[in-house]
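Remarks on the structure that follows.
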Amino acid sequence: MLPDMIKRQTPSKMMVYLSPVLALCLTLLAGIFLFLIMGVSPLDALHAFFIEPVSSLYGLSELGVKATPLVLIGVALSLGFRAGVWNIGAEGQLIIGGLCGGAVALYFYQKTGFYIIPLILLAGIAGGMLWAAIVAFLRTQFNANEILTSLMLSYVAGLLLNLMVHGPLKDPEGFNFPESRMLSDSAILPTLFEATRFHIGALIALLVVAVGRVLIAKTLLGYQIKVMGDAPDAGEHAGFSRSRIIWITLLMSGGVAGLAGIIEVSGPIGQLLPSISPGYGFTAIIVAYVGRLHPLGVLFAALLLALTYLGGEEAQMILNLPVAVTGVFQGLLLFFLLASDVLIHYRLQFKKRLTVETVVKS
Amino acid sequence: MMELFIPAILTIITAATPLLFAALGELVTEKSGVLNLGIEGMMVIGAITGFVTVHLTGSATLAILASLLAGAIMSSIFAVLVLKLHASQVPTGLALTIFGIGLSALIGQSMIGVAYQGLPVISIPVLSSIPVLGELLFKHDILVFMSIVMVGAVMWFLYRTRYGLILRAVGDSHEAAHAMGYPVIKIRFLATLFGGAMSGVGGAYLSLAYSPLWVEQMTAGRGWIALALVVFATWRPGRVLLGAYLFGGITILQLHAQALGIGVPSQVMSMLPYLATIIVLVIISSDRSRIKLNSPASLGKSFHPSR
């Protein structure tokens, strides 16, 4: 018998935090089922997916490397989502950020100096902002739906990067491979630990978490963002400008996505390739939701989803499973989370047998 | 001239057909007040289901039916979350796309490099032997004919039948429709299933006819373009047809420009459909009152009957 859904008087605070845990458990259950269908021992698979990658120091450092772009973009997107601004094209902003920063790094190829890294990071931020500014402009001036324009621009960005590494930015000594040359040492982000790829980008990500937390909880802008998302009419009545919020949230998320892009290029990748992201911009949408659109929550959610990337690679190496399992897990997690979230606003009541008493009561 | 013209038109038709299926389905879904952003995911699942089925059974008919069913199943996940569990429609649609792309890649792992000869071409007797026109209008695979039939069927259903009127009423004001005793949730569920089934077939067209093989993420954003087409068409089936063929035309520009020796990099040509989508959206959306007048008033809003 299906239970009835009764609307709660007030949303459940507890379920806001329990729902991601419940969703994770359901995802694991579904994962076990999936592995059984694929003819793999679920225990082996889950071990490869979730334990093996983080059972060494190097593995943990890789988790940090993968989580860095997810934290950055996740925090930035959650600000926009709170305001009801649907920037789905962070992937494109990441790519353009990586491309702009990478191009500047290649321009200063023979230079050395402390100024190069800040300069390329700024170029990355500017690139991402520019790409998001197109979306904001089309939204505020022409009312064009930001979901569709930002997404279309992601495809354009991917093709633009492809064009650049096949053309102007191609390594002149690279045997015609579609890759740029390796960035010079002074354009590579320093690593924090010896023999790992864990770089200072992770610290930047933590800084962004802190800034995001203060911005949303302590500033007038944060308040305006929340009001515009929850009650746009009330916000406009209070004199908050809808266009201003759209511009600010898009520029912020675009800039941070661009920063994530250049951090990838001048961090773990070290050069421009036809593809510089395994879909971080899209996964960050899941990160934002699993993290409850809250900067600290995003931090934990990013670690979890970074683990699905590492787990996918590990499962491919050990069990010969296709990497695509990662995408399936990520999609399932978001499904189960959205389903579990029903418990925030509703409680379940199993149907009682009809008695005179219950009929009279109702 | 003709030997250049006819193949060009035929390419437009094959490029337009998947968009037409997906956009028509989404139009019906949106007319009932549900915004499903998961078209891309449902299309790509339809594509792999159709391809696997034709590979296993050899039957194109079964393949089309299977992709239809797969699209409907995908959309039913969305429908349960959104209509029964009151999940927000935007993130749920995105989840459907992410899930669909992942699952199709998983299923398609063993299908990479497998070939299929493509859907058989049906020549309508007598008519297909008319010079030029016969070739253009009466010699296609079954899905091209079906897509055109569906345009008429959707128009007839929405504007000439009682159920179509009810569906539009649900999309414009679910409160009023509910008060009149119509089952809002059930109607939306069915409209969402229809949208999923059509997206599934649209996806199958890609893997069975447009380029009969399996490539990961072979939908390449067509689900999103279909979504934009619905806005472009201001929620009218006839204009969806026009829009789909317009986009088909842009796609062939991309294919034929290089053959004609135009010195533009292939990547720039590949950007055209996406840029065109943006431009078209801007032109249509800038007339705010027109969008407001034509879009279903309850689009994207959750409905929970308060007795």
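The chains in the structure tokens are called A, B, ... from first to last as shown; in each chain the residues are counted from 1, and the ligands are counted from 1 in the order shown.
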Exercise answer, chain B residues close to chain A, 7 Å and only C-alpha atoms, as a list of chain:residue names:
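Taken together, these residues fit the definition: B:Leu81, B:Leu85, B:His86, B:Ala87, B:Thr92, B:Ala95, B:Leu96, B:Ile98, B:Phe99, B:Gly102, B:Leu103, B:Ala105, B:Leu106, B:Trp224, B:Ala228, B:Gln267, B:Met271, B:Tyr274, B:Ile278, B:Leu281, B:Val282, B:Ser285, B:Ser286.
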Can you list, as a PyMOL selection string, every protein, DNA or RNA residue that comes within 10 Å of A:Ile318 when you count only C-alpha atoms, leaving out same-chain residues fewer than 6 positions away?
chain A and resi 44-45+48-49+52
Would you write out those residues with all heavy atoms, as a PDB file, in the first residue's frame?
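And here's out_6.pdb as it stands now:
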```pdb
ATOM      1  N   ASP A  44      33.165  -6.364  -4.471  1.00  0.00           N
ATOM      2  CA  ASP A  44      34.389  -5.960  -5.166  1.00  0.00           C
ATOM      3  C   ASP A  44      34.210  -4.588  -5.802  1.00  0.00           C
ATOM      4  O   ASP A  44      35.075  -3.721  -5.726  1.00  0.00           O
ATOM      5  CB  ASP A  44      34.737  -6.967  -6.276  1.00  0.00           C
ATOM      6  CG  ASP A  44      35.221  -8.287  -5.704  1.00  0.00           C
ATOM      7  OD1 ASP A  44      35.418  -8.326  -4.461  1.00  0.00           O
ATOM      8  OD2 ASP A  44      35.375  -9.245  -6.474  1.00  0.00           O
ATOM      9  N   ALA A  45      33.050  -4.431  -6.457  1.00  0.00           N
ATOM     10  CA  ALA A  45      32.817  -3.194  -7.200  1.00  0.00           C
ATOM     11  C   ALA A  45      32.751  -2.006  -6.254  1.00  0.00           C
ATOM     12  O   ALA A  45      33.380  -0.969  -6.498  1.00  0.00           O
ATOM     13  CB  ALA A  45      31.538  -3.310  -8.010  1.00  0.00           C
ATOM     14  N   ALA A  48      36.136  -1.186  -5.012  1.00  0.00           N
ATOM     15  CA  ALA A  48      36.929  -0.490  -6.031  1.00  0.00           C
ATOM     16  C   ALA A  48      36.458   0.945  -6.191  1.00  0.00           C
ATOM     17  O   ALA A  48      37.252   1.855  -6.399  1.00  0.00           O
ATOM     18  CB  ALA A  48      36.826  -1.226  -7.368  1.00  0.00           C
ATOM     19  N   PHE A  49      35.159   1.141  -6.076  1.00  0.00           N
ATOM     20  CA  PHE A  49      34.585   2.449  -6.334  1.00  0.00           C
ATOM     21  C   PHE A  49      34.829   3.432  -5.197  1.00  0.00           C
ATOM     22  O   PHE A  49      35.190   4.583  -5.419  1.00  0.00           O
ATOM     23  CB  PHE A  49      33.077   2.316  -6.585  1.00  0.00           C
ATOM     24  CG  PHE A  49      32.644   2.941  -7.872  1.00  0.00           C
ATOM     25  CD1 PHE A  49      32.588   2.185  -9.037  1.00  0.00           C
ATOM     26  CD2 PHE A  49      32.318   4.277  -7.942  1.00  0.00           C
ATOM     27  CE1 PHE A  49      32.208   2.755 -10.235  1.00  0.00           C
ATOM     28  CE2 PHE A  49      31.931   4.860  -9.135  1.00  0.00           C
ATOM     29  CZ  PHE A  49      31.884   4.101 -10.277  1.00  0.00           C
ATOM     30  N   GLU A  52      38.974   1.787  -2.418  1.00  0.00           N
ATOM     31  CA  GLU A  52      40.289   1.719  -3.056  1.00  0.00           C
ATOM     32  C   GLU A  52      40.879   3.105  -3.391  1.00  0.00           C
ATOM     33  O   GLU A  52      42.047   3.365  -3.081  1.00  0.00           O
ATOM     34  CB  GLU A  52      40.170   0.857  -4.318  1.00  0.00           C
ATOM     35  CG  GLU A  52      41.492   0.433  -4.941  1.00  0.00           C
ATOM     36  CD  GLU A  52      42.271  -0.559  -4.083  1.00  0.00           C
ATOM     37  OE1 GLU A  52      41.612  -1.391  -3.437  1.00  0.00           O
ATOM     38  OE2 GLU A  52      43.511  -0.476  -4.075  1.00  0.00           O
TER      39      GLU A  52
END
```
Quick one: residues within 10 Å of stretch 250-253 of chain B, only C-alpha atoms, excluding same-chain residues fewer than 6 positions away - as JSON, numbers by chain?
{"B": [7, 8, 9, 10, 11, 12, 13, 14, 15, 16, 244, 259, 260, 269, 270, 271, 272, 273, 274, 276]}
Tell me, which residues of stretch 22-264 of chain B carry DSSP helix (DSSP H, G or I), written as a PyMOL selection string?
chain B and resi 22-31+39-57+60-84+89-111+127-129+133-137+142-160+162-172+174-179+184-210+222-232+237-259
Please identify all polymer residues within 12 Å of B:Leu65, counting only C-alpha atoms, omitting same-chain residues fewer than 3 positions from it, and present them as a list in words.
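Skipping anything fewer than 3 positions along the chain leaves Gly46, Ala47, Thr49, Gly50, Phe51, Thr53, Val54, Ser59, Ala60, Thr61, Leu62, Leu68, Leu69, Ala70, Gly71, Ala72, Leu143, Ala197, Met198, Gly200, Val201, Gly202, Ala204 and Tyr205 of chain B.
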Please write the residues from the selection above to a file, keeping N, CA and C atoms, as a short mmCIF file (atom, residue, chain, number, x, y, z; two decimals), in the first residue's frame.
```cif
data_model
loop_
_atom_site.label_atom_id
_atom_site.label_comp_id
_atom_site.auth_asym_id
_atom_site.auth_seq_id
_atom_site.Cartn_x
_atom_site.Cartn_y
_atom_site.Cartn_z
N GLY B 46 16.90 6.62 -26.31
CA GLY B 46 16.17 6.11 -27.46
C GLY B 46 17.13 5.66 -28.55
N ALA B 47 18.19 6.43 -28.76
CA ALA B 47 19.17 6.11 -29.79
C ALA B 47 19.84 4.77 -29.52
N THR B 49 18.85 2.35 -27.42
CA THR B 49 17.87 1.25 -27.38
C THR B 49 17.53 0.79 -28.78
N GLY B 50 17.26 1.74 -29.68
CA GLY B 50 16.94 1.39 -31.05
C GLY B 50 18.09 0.63 -31.70
N PHE B 51 19.30 1.11 -31.46
CA PHE B 51 20.45 0.50 -32.12
C PHE B 51 20.71 -0.91 -31.60
N THR B 53 18.52 -2.89 -30.22
CA THR B 53 17.42 -3.78 -30.63
C THR B 53 17.57 -4.22 -32.08
N VAL B 54 17.93 -3.30 -32.95
CA VAL B 54 18.07 -3.68 -34.35
C VAL B 54 19.26 -4.62 -34.52
N SER B 59 15.22 -6.42 -36.60
CA SER B 59 13.95 -5.82 -37.01
C SER B 59 13.93 -4.33 -36.71
N ALA B 60 13.77 -3.53 -37.76
CA ALA B 60 13.71 -2.08 -37.58
C ALA B 60 12.43 -1.69 -36.86
N THR B 61 11.35 -2.42 -37.13
CA THR B 61 10.08 -2.12 -36.47
C THR B 61 10.21 -2.28 -34.97
N LEU B 62 10.78 -3.43 -34.55
CA LEU B 62 10.98 -3.65 -33.12
C LEU B 62 11.87 -2.57 -32.53
N LEU B 68 10.75 3.84 -28.53
CA LEU B 68 9.56 4.56 -28.08
C LEU B 68 9.29 4.23 -26.61
N LEU B 69 9.36 2.92 -26.32
CA LEU B 69 9.11 2.46 -24.96
C LEU B 69 10.19 2.98 -24.01
N ALA B 70 11.44 2.93 -24.46
CA ALA B 70 12.55 3.38 -23.60
C ALA B 70 12.39 4.86 -23.26
N GLY B 71 12.03 5.66 -24.25
CA GLY B 71 11.81 7.09 -24.00
C GLY B 71 10.69 7.29 -23.00
N ALA B 72 9.62 6.51 -23.15
CA ALA B 72 8.49 6.64 -22.23
C ALA B 72 8.89 6.24 -20.82
N LEU B 143 10.08 6.65 -40.70
CA LEU B 143 10.02 7.65 -39.64
C LEU B 143 9.81 9.07 -40.19
N ALA B 197 8.19 9.31 -25.19
CA ALA B 197 8.14 8.36 -26.30
C ALA B 197 8.61 9.01 -27.59
N MET B 198 8.15 10.23 -27.83
CA MET B 198 8.54 10.94 -29.06
C MET B 198 10.03 11.25 -29.06
N GLY B 200 12.26 9.50 -27.56
CA GLY B 200 12.92 8.21 -27.79
C GLY B 200 13.00 7.89 -29.27
N VAL B 201 11.90 8.10 -29.99
CA VAL B 201 11.89 7.83 -31.43
C VAL B 201 12.82 8.81 -32.16
N GLY B 202 12.79 10.07 -31.73
CA GLY B 202 13.69 11.06 -32.33
C GLY B 202 15.14 10.62 -32.18
N ALA B 204 16.13 7.51 -31.78
CA ALA B 204 16.33 6.31 -32.61
C ALA B 204 16.58 6.70 -34.06
N TYR B 205 15.97 7.80 -34.51
CA TYR B 205 16.20 8.21 -35.89
C TYR B 205 17.68 8.50 -36.13
#
```
Applying 6 Å and only C-alpha atoms, which residues near A:Ala284 remain after dropping the ones on its own chain fewer than 5 positions away? List them as JSON, numbers by chain.
{"A": [70, 73, 74]}
What does the file look like for those residues with all heavy atoms, as a compact mmCIF listing (two decimals), in the first residue's frame?
```txt
# COMPACT_ATOMS: atom_id res chain seq x y z
N LEU A 70 35.13 21.15 -8.63
CA LEU A 70 33.73 20.93 -8.25
C LEU A 70 33.32 21.86 -7.11
O LEU A 70 32.22 22.39 -7.09
CB LEU A 70 33.52 19.47 -7.84
CG LEU A 70 33.68 18.43 -8.96
CD1 LEU A 70 33.53 17.01 -8.41
CD2 LEU A 70 32.65 18.67 -10.05
N ILE A 73 33.04 25.58 -8.65
CA ILE A 73 31.85 25.82 -9.47
C ILE A 73 30.59 25.58 -8.65
O ILE A 73 29.60 26.30 -8.78
CB ILE A 73 31.87 24.95 -10.74
CG1 ILE A 73 33.19 25.15 -11.48
CG2 ILE A 73 30.72 25.31 -11.65
CD1 ILE A 73 33.39 24.21 -12.64
N GLY A 74 30.63 24.56 -7.78
CA GLY A 74 29.45 24.25 -6.96
C GLY A 74 29.04 25.42 -6.10
O GLY A 74 27.85 25.77 -6.03
```
Using only C-alpha atoms, which residue out of B:Gly243, B:Gly300, B:Pro237, B:Pro131 lies closest to B:Ala153?
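Closest to B:Ala153, using only C-alpha atoms: B:Pro237.
For A:Leu119, the residues within 8 Å (counting only C-alpha atoms, excluding itself and residues fewer than 4 positions away along the chain) are Val104, Tyr115 and Ala123 of chain A.
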Quick one: pull the distance between atom CA of B:Met155 and atom CA of B:Thr277, Å, one decimal.
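We find that atom CA of B:Met155 and atom CA of B:Thr277 lie 23.9 Å from each other.
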Which one of A:Tyr223, A:Tyr17, A:Phe108, A:Phe198 sits closest to A:Leu79 if you count only C-alpha atoms?
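For A:Leu79, the nearest of the candidates is A:Tyr223.
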Can you tell me which residues surround B:Ile122 at a distance of at most 8 Å, considering only C-alpha atoms, apart from same-chain residues fewer than 5 positions away, and format the answer as a ChimeraX atom specification?
/B:138-142
Given the choices A:Val71, A:Leu57, A:Ile134, A:Leu106, which gets closest to A:Glu194 if the distance is worked out from only C-alpha atoms?
A:Leu57
Using atom CA of A:Gly201 and atom CA of A:Arg213 as the two end points, give the distance in Å to one decimal.
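Interatomic distance here is 18.4 Å.
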As a count of residues only, please: all residues of stretch 42-280 of chain B that backbone DSSP puts in strand (DSSP E or B).
6
Of the candidates A:Met14, A:Ala23, A:Ala132, A:Pro3, which shows the shortest atom-to-atom distance to A:Val290, using only C-alpha atoms?
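Looking at the shortest contact to A:Val290, the residue is A:Ala23.
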Report, in Å with one decimal, the straight-line distance from atom CA of B:Val44 to atom CA of B:Gly100.
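Answer for the atom CA of B:Val44 to atom CA of B:Gly100 separation: 6.6 Å.
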